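Text of the file protein.pdb, holding PDB, C-alpha atoms:
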```
ATOM      1  CA  MET S 797       0.000   0.000   0.000
ATOM      2  CA  ARG S 798       1.059   3.531  -0.593
ATOM      3  CA  LEU S 799       1.655   6.151   2.130
ATOM      4  CA  VAL S 800       2.975   9.669   2.047
ATOM      5  CA  VAL S 801       5.932   9.744   4.424
ATOM      6  CA  ASN S 802       7.626  13.075   5.092
ATOM      7  CA  GLY S 803       6.127  14.430   1.918
ATOM      8  CA  ALA S 804       7.168  11.590  -0.408
ATOM      9  CA  ASP S 805       5.230   8.578  -1.662
ATOM     10  CA  ARG S 806       6.346   5.352  -0.071
ATOM     11  CA  ASP S 807       5.140   1.771  -0.590
ATOM     12  CA  VAL S 808       4.953  -0.465   2.462
ATOM     13  CA  ALA S 809       3.414  -3.857   3.211
ATOM     14  CA  ALA S 810      -0.178  -3.912   4.372
ATOM     15  CA  GLY S 811      -0.330  -4.124   8.153
ATOM     16  CA  THR S 812       2.869  -2.155   8.666
ATOM     17  CA  THR S 813       2.933  -0.688  12.162
ATOM     18  CA  VAL S 814       4.232   2.714  13.140
ATOM     19  CA  THR S 815       7.162   1.034  14.878
ATOM     20  CA  ALA S 816       8.128  -0.791  11.683
ATOM     21  CA  LEU S 817       7.875   2.343   9.565
ATOM     22  CA  VAL S 818       9.928   4.381  12.007
ATOM     23  CA  GLU S 819      12.654   1.743  11.962
ATOM     24  CA  GLU S 820      12.625   1.779   8.174
ATOM     25  CA  VAL S 821      12.836   5.553   7.913
ATOM     26  CA  ALA S 822      14.808   6.607  10.980
ATOM     27  CA  GLY S 823      16.941   3.542  11.631
ATOM     28  CA  ASP S 824      17.968   3.237  15.241
ATOM     29  CA  ARG S 825      17.355   6.882  16.080
ATOM     30  CA  ARG S 826      15.245   7.004  19.208
ATOM     31  CA  GLN S 827      14.415  10.662  19.643
ATOM     32  CA  VAL S 828      11.783  10.973  16.955
ATOM     33  CA  ALA S 829       8.105  11.868  16.972
ATOM     34  CA  VAL S 830       5.352  10.744  14.642
ATOM     35  CA  ALA S 831       2.192  12.399  13.392
ATOM     36  CA  ILE S 832      -0.365  10.668  11.207
ATOM     37  CA  ASN S 833      -2.756  12.839   9.237
ATOM     38  CA  GLY S 834      -1.881  15.732  11.525
ATOM     39  CA  ASP S 835      -2.398  13.889  14.815
ATOM     40  CA  ILE S 836       0.533  13.045  17.030
ATOM     41  CA  VAL S 837       0.855   9.360  17.808
ATOM     42  CA  GLU S 838       2.381   8.730  21.193
ATOM     43  CA  ARG S 839       5.178   6.229  21.405
ATOM     44  CA  ASN S 840       3.221   3.742  23.502
ATOM     45  CA  ARG S 841       0.842   3.257  20.575
ATOM     46  CA  TRP S 842       3.467   2.670  17.878
ATOM     47  CA  ASP S 843       3.580  -1.115  18.274
ATOM     48  CA  GLU S 844      -0.122  -1.690  17.925
ATOM     49  CA  LEU S 845      -1.117   0.965  15.426
ATOM     50  CA  GLU S 846      -1.186  -0.214  11.814
ATOM     51  CA  LEU S 847      -1.027   2.313   9.021
ATOM     52  CA  ASP S 848      -3.753   2.688   6.409
ATOM     53  CA  ALA S 849      -3.251   3.251   2.710
ATOM     54  CA  GLY S 850      -3.110   6.961   1.965
ATOM     55  CA  ASP S 851      -1.981   7.979   5.439
ATOM     56  CA  HIS S 852       0.156  11.082   5.598
ATOM     57  CA  VAL S 853       2.928  10.317   8.050
ATOM     58  CA  GLU S 854       5.434  12.789   9.443
ATOM     59  CA  ILE S 855       8.503  11.474  11.218
ATOM     60  CA  VAL S 856      10.507  14.268  12.786
ATOM     61  CA  ALA S 857      13.554  14.704  14.963
ATOM     62  CA  ALA S 858      15.630  17.485  16.428
ATOM     63  CA  ALA S 859      17.983  19.152  13.981
ATOM     64  CA  GLN S 860      20.217  22.197  13.829
ATOM     65  CA  GLY S 861      18.208  25.308  13.208
ATOM     66  CA  GLY S 862      16.854  28.616  14.387
ATOM     67  CA  GLY S 863      17.561  30.480  17.545
TER      68      GLY S 863
ATOM     69  CA  MET X 100      27.181  39.634  45.605
ATOM     70  CA  SER X 101      28.688  37.392  43.051
ATOM     71  CA  GLY X 102      32.338  37.236  42.239
ATOM     72  CA  GLU X 103      31.914  35.944  38.712
ATOM     73  CA  GLY X 104      28.581  37.235  37.512
ATOM     74  CA  SER X 105      27.965  33.976  35.754
ATOM     75  CA  GLY X 106      29.150  31.459  38.279
ATOM     76  CA  PRO X 107      27.411  29.320  40.855
ATOM     77  CA  ALA X 108      27.015  32.294  43.187
ATOM     78  CA  ASP X 109      24.881  34.124  40.636
ATOM     79  CA  PRO X 110      22.805  31.467  38.954
ATOM     80  CA  LEU X 111      20.153  31.998  36.315
ATOM     81  CA  ALA X 112      16.850  30.445  37.385
ATOM     82  CA  LEU X 113      14.800  29.491  34.374
ATOM     83  CA  GLY X 114      11.795  27.211  34.342
ATOM     84  CA  GLY X 115      12.616  25.884  37.791
ATOM     85  CA  VAL X 116      16.191  24.976  36.845
ATOM     86  CA  THR X 117      19.347  26.902  37.648
ATOM     87  CA  PHE X 118      22.209  27.525  35.263
ATOM     88  CA  SER X 119      25.570  29.124  35.792
ATOM     89  CA  SER X 120      25.779  30.385  32.199
ATOM     90  CA  ARG X 121      23.578  33.185  30.956
ATOM     91  CA  ILE X 122      23.893  32.322  27.296
ATOM     92  CA  VAL X 123      21.374  30.379  25.256
ATOM     93  CA  LEU X 124      22.973  29.259  22.023
ATOM     94  CA  GLY X 125      20.979  28.890  18.830
ATOM     95  CA  THR X 126      22.209  26.196  16.489
ATOM     96  CA  GLY X 127      20.969  27.721  13.230
ATOM     97  CA  GLY X 128      23.636  28.713  10.750
ATOM     98  CA  ALA X 129      26.451  26.529  12.073
ATOM     99  CA  ARG X 130      28.656  25.348   9.215
ATOM    100  CA  SER X 131      29.303  21.947  10.749
ATOM    101  CA  LEU X 132      28.704  19.963  13.883
ATOM    102  CA  GLU X 133      32.378  20.397  14.737
ATOM    103  CA  ALA X 134      32.092  24.177  14.483
ATOM    104  CA  LEU X 135      28.955  24.067  16.591
ATOM    105  CA  GLU X 136      30.631  21.931  19.215
ATOM    106  CA  ALA X 137      33.564  24.324  19.429
ATOM    107  CA  ALA X 138      31.172  27.253  19.826
ATOM    108  CA  VAL X 139      29.187  25.498  22.535
ATOM    109  CA  ARG X 140      32.308  24.823  24.520
ATOM    110  CA  ALA X 141      33.782  28.294  24.070
ATOM    111  CA  SER X 142      30.520  30.038  24.969
ATOM    112  CA  GLY X 143      29.972  27.982  28.091
ATOM    113  CA  ALA X 144      26.289  27.810  27.116
ATOM    114  CA  GLU X 145      24.243  25.324  29.096
ATOM    115  CA  ILE X 146      21.123  25.666  26.964
ATOM    116  CA  ALA X 147      20.912  25.364  23.189
ATOM    117  CA  THR X 148      17.956  25.537  20.862
ATOM    118  CA  VAL X 149      17.185  22.907  18.265
ATOM    119  CA  ALA X 150      14.633  22.863  15.483
ATOM    120  CA  LEU X 151      12.307  20.022  14.619
ATOM    121  CA  ARG X 152      12.617  18.717  11.084
ATOM    122  CA  ARG X 153      11.651  15.708   9.012
ATOM    123  CA  VAL X 154      14.039  12.837   9.561
ATOM    124  CA  ALA X 155      16.580  12.722   6.776
ATOM    125  CA  PRO X 156      18.080   9.259   6.316
ATOM    126  CA  ASP X 157      21.507  10.652   5.427
ATOM    127  CA  ALA X 158      21.654  13.338   8.124
ATOM    128  CA  PRO X 159      25.308  13.842   9.102
ATOM    129  CA  GLY X 160      25.566  12.928  12.773
ATOM    130  CA  SER X 161      23.234  14.248  15.373
ATOM    131  CA  VAL X 162      23.130  17.683  16.904
ATOM    132  CA  VAL X 163      21.411  16.106  19.892
ATOM    133  CA  ASP X 164      24.380  13.817  20.512
ATOM    134  CA  VAL X 165      26.813  16.733  20.381
ATOM    135  CA  LEU X 166      24.802  18.857  22.781
ATOM    136  CA  THR X 167      24.035  16.118  25.279
ATOM    137  CA  ARG X 168      27.682  15.048  25.280
ATOM    138  CA  TRP X 169      28.490  18.427  26.854
ATOM    139  CA  GLY X 170      25.558  18.370  29.233
ATOM    140  CA  VAL X 171      23.710  21.098  27.347
ATOM    141  CA  THR X 172      19.969  21.355  27.995
ATOM    142  CA  LEU X 173      18.019  21.016  24.766
ATOM    143  CA  LEU X 174      15.482  23.736  24.101
ATOM    144  CA  PRO X 175      13.366  22.841  21.068
ATOM    145  CA  ASN X 176      12.112  25.809  19.080
ATOM    146  CA  THR X 177       9.201  26.396  16.758
ATOM    147  CA  ALA X 178      11.355  28.180  14.191
ATOM    148  CA  GLY X 179       9.648  28.452  10.845
ATOM    149  CA  CYS X 180       6.093  28.462  12.241
ATOM    150  CA  TYR X 181       3.753  31.190  11.033
ATOM    151  CA  THR X 182       0.549  30.179  12.845
ATOM    152  CA  ALA X 183      -0.389  29.238  16.387
ATOM    153  CA  HIS X 184      -1.589  25.906  15.035
ATOM    154  CA  ASP X 185       1.779  25.018  13.511
ATOM    155  CA  ALA X 186       3.689  26.208  16.560
ATOM    156  CA  ILE X 187       1.491  24.163  18.897
ATOM    157  CA  THR X 188       1.880  21.047  16.746
ATOM    158  CA  THR X 189       5.640  21.551  16.628
ATOM    159  CA  ALA X 190       5.802  21.946  20.402
ATOM    160  CA  ARG X 191       3.834  18.748  20.932
ATOM    161  CA  LEU X 192       6.057  16.854  18.507
ATOM    162  CA  ALA X 193       9.141  18.198  20.238
ATOM    163  CA  ARG X 194       7.839  17.044  23.593
ATOM    164  CA  GLU X 195       7.182  13.614  22.173
ATOM    165  CA  ALA X 196      10.564  13.378  20.448
ATOM    166  CA  LEU X 197      12.788  14.823  23.150
ATOM    167  CA  GLY X 198      10.820  14.225  26.321
ATOM    168  CA  THR X 199      11.017  17.862  27.374
ATOM    169  CA  ASP X 200       8.254  20.298  28.284
ATOM    170  CA  TRP X 201      10.448  23.238  27.374
ATOM    171  CA  ILE X 202       9.615  25.107  24.214
ATOM    172  CA  LYS X 203      11.133  28.209  22.688
ATOM    173  CA  LEU X 204       7.956  29.546  21.147
ATOM    174  CA  GLU X 205       8.352  31.465  17.930
ATOM    175  CA  VAL X 206       5.455  32.463  15.703
ATOM    176  CA  ILE X 207       6.629  34.546  12.790
ATOM    177  CA  GLY X 208       4.372  37.165  11.266
ATOM    178  CA  ASP X 209       6.440  38.435   8.386
ATOM    179  CA  GLU X 210       8.872  36.430   6.338
ATOM    180  CA  ARG X 211      11.157  39.314   5.426
ATOM    181  CA  THR X 212      11.768  40.734   8.891
ATOM    182  CA  LEU X 213      10.870  37.598  10.892
ATOM    183  CA  PHE X 214       9.042  39.818  13.363
ATOM    184  CA  PRO X 215       6.728  37.879  15.687
ATOM    185  CA  ASP X 216       2.992  37.707  15.097
ATOM    186  CA  ALA X 217       1.698  38.961  18.446
ATOM    187  CA  VAL X 218      -1.838  37.631  18.003
ATOM    188  CA  GLU X 219      -0.807  34.116  17.037
ATOM    189  CA  LEU X 220       1.931  34.167  19.679
ATOM    190  CA  LEU X 221      -0.481  34.881  22.543
ATOM    191  CA  ASP X 222      -2.862  32.270  21.233
ATOM    192  CA  ALA X 223      -0.159  29.602  21.062
ATOM    193  CA  ALA X 224       1.334  30.587  24.426
ATOM    194  CA  GLU X 225      -2.010  30.236  26.170
ATOM    195  CA  THR X 226      -2.637  26.764  24.771
ATOM    196  CA  LEU X 227       0.870  25.519  25.489
ATOM    197  CA  VAL X 228       0.911  26.843  29.061
ATOM    198  CA  ASP X 229      -2.427  25.074  29.607
ATOM    199  CA  GLU X 230      -0.863  21.869  28.314
ATOM    200  CA  GLY X 231       1.909  22.126  30.872
ATOM    201  CA  PHE X 232       4.701  23.411  28.667
ATOM    202  CA  CYS X 233       7.442  25.633  29.995
ATOM    203  CA  VAL X 234       6.974  28.356  27.387
ATOM    204  CA  LEU X 235       9.818  30.710  26.456
ATOM    205  CA  PRO X 236       8.364  33.090  23.871
ATOM    206  CA  TYR X 237      10.265  35.119  21.283
ATOM    207  CA  THR X 238       8.466  38.454  21.326
ATOM    208  CA  ASN X 239       8.686  41.978  20.049
ATOM    209  CA  ASP X 240      10.281  44.652  22.244
ATOM    210  CA  ASP X 241       6.784  45.634  23.348
ATOM    211  CA  PRO X 242       6.381  46.054  27.117
ATOM    212  CA  VAL X 243       2.628  45.396  27.034
ATOM    213  CA  LEU X 244       3.004  42.231  25.000
ATOM    214  CA  ALA X 245       5.708  41.051  27.396
ATOM    215  CA  GLN X 246       3.327  41.621  30.290
ATOM    216  CA  ARG X 247       0.569  39.693  28.569
ATOM    217  CA  LEU X 248       2.893  36.757  27.958
ATOM    218  CA  GLU X 249       3.965  36.757  31.590
ATOM    219  CA  GLN X 250       0.332  36.891  32.749
ATOM    220  CA  LEU X 251      -0.452  33.882  30.575
ATOM    221  CA  GLY X 252       2.134  31.920  32.525
ATOM    222  CA  CYS X 253       5.187  31.977  30.292
ATOM    223  CA  ALA X 254       8.387  31.059  32.138
ATOM    224  CA  ALA X 255      10.332  33.941  30.588
ATOM    225  CA  VAL X 256       9.967  36.611  27.954
ATOM    226  CA  MET X 257      12.391  36.848  25.070
ATOM    227  CA  PRO X 258      12.179  40.253  23.424
ATOM    228  CA  LEU X 259      14.141  40.967  20.282
ATOM    229  CA  GLY X 260      16.838  43.620  20.224
ATOM    230  CA  ALA X 261      16.640  43.905  16.428
ATOM    231  CA  PRO X 262      15.416  41.629  13.634
ATOM    232  CA  ILE X 263      16.671  38.037  13.659
ATOM    233  CA  GLY X 264      19.984  37.734  11.866
ATOM    234  CA  SER X 265      20.437  41.500  11.501
ATOM    235  CA  GLY X 266      23.228  41.875  14.039
ATOM    236  CA  ALA X 267      21.904  45.409  14.531
ATOM    237  CA  GLY X 268      22.174  45.294  18.313
ATOM    238  CA  ILE X 269      19.557  46.701  20.666
ATOM    239  CA  ARG X 270      17.587  49.294  18.748
ATOM    240  CA  ASN X 271      15.196  50.259  21.514
ATOM    241  CA  PRO X 272      16.954  50.164  24.867
ATOM    242  CA  TYR X 273      14.167  52.240  26.423
ATOM    243  CA  ASN X 274      11.544  49.607  25.754
ATOM    244  CA  LEU X 275      13.893  46.878  26.857
ATOM    245  CA  ARG X 276      14.503  48.685  30.136
ATOM    246  CA  ILE X 277      10.765  48.993  30.694
ATOM    247  CA  ILE X 278      10.262  45.301  29.941
ATOM    248  CA  VAL X 279      12.971  44.410  32.460
ATOM    249  CA  GLU X 280      11.537  46.758  35.107
ATOM    250  CA  HIS X 281       8.072  45.253  34.873
ATOM    251  CA  ALA X 282       8.946  41.603  34.454
ATOM    252  CA  HIS X 283       8.677  39.043  37.245
ATOM    253  CA  VAL X 284      10.059  36.311  35.022
ATOM    254  CA  PRO X 285      13.510  36.206  33.423
ATOM    255  CA  VAL X 286      14.030  38.430  30.402
ATOM    256  CA  VAL X 287      16.184  36.827  27.734
ATOM    257  CA  LEU X 288      17.304  39.115  24.930
ATOM    258  CA  ASP X 289      16.563  37.219  21.759
ATOM    259  CA  ALA X 290      17.723  38.293  18.310
ATOM    260  CA  GLY X 291      19.733  41.236  17.090
ATOM    261  CA  ILE X 292      22.998  40.710  18.934
ATOM    262  CA  GLY X 293      25.795  41.232  16.443
ATOM    263  CA  THR X 294      28.884  41.268  18.590
ATOM    264  CA  ALA X 295      30.077  40.970  22.167
ATOM    265  CA  SER X 296      29.391  44.580  23.119
ATOM    266  CA  ASP X 297      25.713  44.088  22.211
ATOM    267  CA  ALA X 298      25.545  41.180  24.640
ATOM    268  CA  THR X 299      27.149  43.372  27.285
ATOM    269  CA  THR X 300      24.600  46.106  26.635
ATOM    270  CA  ALA X 301      21.714  43.655  26.983
ATOM    271  CA  MET X 302      23.009  42.484  30.336
ATOM    272  CA  GLU X 303      23.734  46.042  31.501
ATOM    273  CA  LEU X 304      20.129  46.904  30.724
ATOM    274  CA  GLY X 305      19.122  44.192  33.173
ATOM    275  CA  CYS X 306      18.391  41.216  30.963
ATOM    276  CA  ASP X 307      18.851  37.899  32.738
ATOM    277  CA  ALA X 308      20.372  36.126  29.745
ATOM    278  CA  VAL X 309      20.902  36.450  26.013
ATOM    279  CA  LEU X 310      20.208  34.167  23.104
ATOM    280  CA  LEU X 311      22.835  34.105  20.388
ATOM    281  CA  ALA X 312      22.730  32.296  17.127
ATOM    282  CA  SER X 313      24.023  33.736  13.882
ATOM    283  CA  ALA X 314      26.392  36.212  15.565
ATOM    284  CA  VAL X 315      28.336  33.149  16.667
ATOM    285  CA  THR X 316      27.482  30.424  14.183
ATOM    286  CA  ARG X 317      28.023  32.596  11.096
ATOM    287  CA  ALA X 318      31.123  34.328  12.422
ATOM    288  CA  GLU X 319      34.428  33.829  10.644
ATOM    289  CA  ASP X 320      35.699  32.092  13.784
ATOM    290  CA  PRO X 321      32.668  30.864  15.751
ATOM    291  CA  ALA X 322      34.687  29.638  18.725
ATOM    292  CA  ALA X 323      36.444  32.983  19.142
ATOM    293  CA  MET X 324      33.149  34.840  18.869
ATOM    294  CA  ALA X 325      31.526  32.461  21.337
ATOM    295  CA  GLU X 326      34.260  33.129  23.843
ATOM    296  CA  ALA X 327      33.921  36.870  23.280
ATOM    297  CA  MET X 328      30.208  36.560  23.983
ATOM    298  CA  ARG X 329      30.890  34.668  27.174
ATOM    299  CA  HIS X 330      33.117  37.488  28.435
ATOM    300  CA  GLY X 331      30.692  40.121  27.164
ATOM    301  CA  VAL X 332      27.793  38.583  29.047
ATOM    302  CA  VAL X 333      29.785  38.261  32.262
ATOM    303  CA  ALA X 334      30.955  41.882  31.951
ATOM    304  CA  GLY X 335      27.425  43.139  31.396
ATOM    305  CA  ARG X 336      26.033  41.081  34.224
ATOM    306  CA  LEU X 337      28.649  42.380  36.646
ATOM    307  CA  ALA X 338      28.042  45.949  35.499
ATOM    308  CA  SER X 339      24.343  45.441  36.101
ATOM    309  CA  ILE X 340      25.038  44.195  39.625
ATOM    310  CA  GLY X 341      27.760  46.795  40.224
ATOM    311  CA  GLN X 342      25.499  49.724  39.326
ATOM    312  CA  PRO X 343      27.703  52.540  38.011
ATOM    313  CA  PRO X 344      27.021  56.030  39.371
ATOM    314  CA  PRO X 345      24.348  57.861  37.394
ATOM    315  CA  GLU X 346      25.446  59.595  34.228
ATOM    316  CA  ALA X 347      25.945  63.331  34.580
ATOM    317  CA  PRO X 348      27.278  66.033  32.252
ATOM    318  CA  TYR X 349      30.037  66.611  34.772
ATOM    319  CA  ARG X 350      30.684  65.809  38.389
ATOM    320  CA  ARG X 351      29.909  68.301  41.207
ATOM    321  CA  PRO X 352      31.487  68.552  43.669
ATOM    322  CA  ARG X 353      34.692  67.592  41.919
ATOM    323  CA  PRO X 354      35.937  64.162  42.964
ATOM    324  CA  VAL X 355      39.323  65.695  43.728
ATOM    325  CA  GLY X 356      39.645  69.100  45.315
ATOM    326  CA  ARG X 357      41.630  71.838  43.673
ATOM    327  CA  LEU X 358      45.351  71.506  44.047
ATOM    328  CA  ARG X 359      47.796  74.400  43.835
ATOM    329  CA  TRP X 360      51.565  74.168  44.022
ATOM    330  CA  PRO X 361      53.413  74.892  46.206
ATOM    331  CA  LEU X 362      51.128  73.724  48.973
TER     332      LEU X 362
END
```
Would it be possible to restate this file's structure as structure tokens?
Amino acid sequence: MRLVVNGADRDVAAGTTVTALVEEVAGDRRQVAVAINGDIVERNRWDELELDAGDHVEIVAAAQGGG
Amino acid sequence: MSGEGSGPADPLALGGVTFSSRIVLGTGGARSLEALEAAVRASGAEIATVALRRVAPDAPGSVVDVLTRWGVTLLPNTAGCYTAHDAITTARLAREALGTDWIKLEVIGDERTLFPDAVELLDAAETLVDEGFCVLPYTNDDPVLAQRLEQLGCAAVMPLGAPIGSGAGIRNPYNLRIIVEHAHVPVVLDAGIGTASDATTAMELGCDAVLLASAVTRAEDPAAMAEAMRHGVVAGRLASIGQPPPEAPYRRPRPVGRLRWPL
């Protein structure tokens, strides 16, 4: 199924969980946050929550920038 | 009274935590992580701001690793947000990602000057304070707006000295003085500092701390500039504590009596 992850189309297996997607995209980085269709998904829900086709997923982390 | 002006005897209390440094370092504009690390160390900063961005698979190292290695407190910012909605979402994501309630709240109203949008700022501050965030808002040098932010429960106010990235110093010291006089929370001069003497001026005017970003990160030698800022802030802080005699066109009576030779 197709998702939009950080603004780009991405194909993943049906039933992919947030945890699995985060591992795919962010590797072993731990300090990331996830929003799906504009709603923040808390970490304790990542294992159980499966993504749906068409979901817009944002995976963000701290980076250099601003003041 | 303090001996150092930025040592343990004269700590900065911010959001229920005390710091011995009175510099908040922005990470924007740093040419490399190595340059940033050198600047962090030379400045003595114990707080540094970080932005929240989409995860890039090929990101070179981690700014978080560098900052935490030196015991620097991470202060996520909402840089790049133009609405209360976006700033609130960014703050919530930052809390989730970094496990901190601290947020440097920035809501920009104009993309050329990067001046804050006062209406959106108050709106976002109110929501975030209600949600338990320790809100540190970037604001205009407007004494009334600073008061409103304090009344909403912000942990500090962060007025600009001049537009972000301008290096134009403190353009309205009168307003800044009024903000400092009225504030019951720390005042952190945010934006406009171009060089060390500007940081000194901010502290002399009674600010509790300064935020520096491009003045250091975009300097020819960021570590040297960071060290200059450290000294500048300490000098200004001590001058603020030391209270020079009031300015006068000339001194009367003369400090030294008239002398005529031979006695």
Checklist outcome for this item: The distance between atom CA of X:Thr172 and atom CA of X:Ala254 is 15.7 Å
Next on the checklist: With distances taken over only C-alpha atoms, which residue among X:Pro272, X:Gly125, X:Pro285, X:Pro110 lies nearest X:Ala245?
Outcome noted: X:Pro285
Next on the checklist: Report as number ranges by chain all protein, DNA and RNA residues lying within 10 Å of S:Gly834, evaluated on all atoms listed in the file, omitting residues in the same chain fewer than 3 positions from it.
Outcome noted: S: 830-831, 837, 851-854; X: 188
Item to check | Spatial neighbours of X:Gly127, 6 Å, only C-alpha atoms, chain gap at least 6 places, as a ChimeraX atom specification | outcome: /S:860-862
Next on the checklist: Given the PyMOL selection byres ((chain S) within 12 of (chain X)) and the file above, list the residues it selects as a ChimeraX atom specification.
Outcome noted: /S:801-804,818-832,834-840,853-863
Item to check | Shell of 10 Å around stretch 136-141 of chain X, all atoms listed in the file, local chain residues under 5 positions omitted, as number ranges by chain | outcome: X: 122-126, 129, 131, 146-147, 162, 165-166, 168-169, 171, 315-316, 320-329
Item to check | Result set, the PyMOL selection byres ((chain X and resi 288) around 8) on current file, as a PyMOL selection string | outcome: chain X and resi 257-260+286-287+289-290+301+306+308-310
Next on the checklist: Report, in Å to a single decimal, how far apart atom CA of X:Ala183 and atom CA of X:Asp209 are.
Outcome noted: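 If I compute the distance from atom CA of X:Asp209 to atom CA of X:Ala183, I get 14.0 Å.
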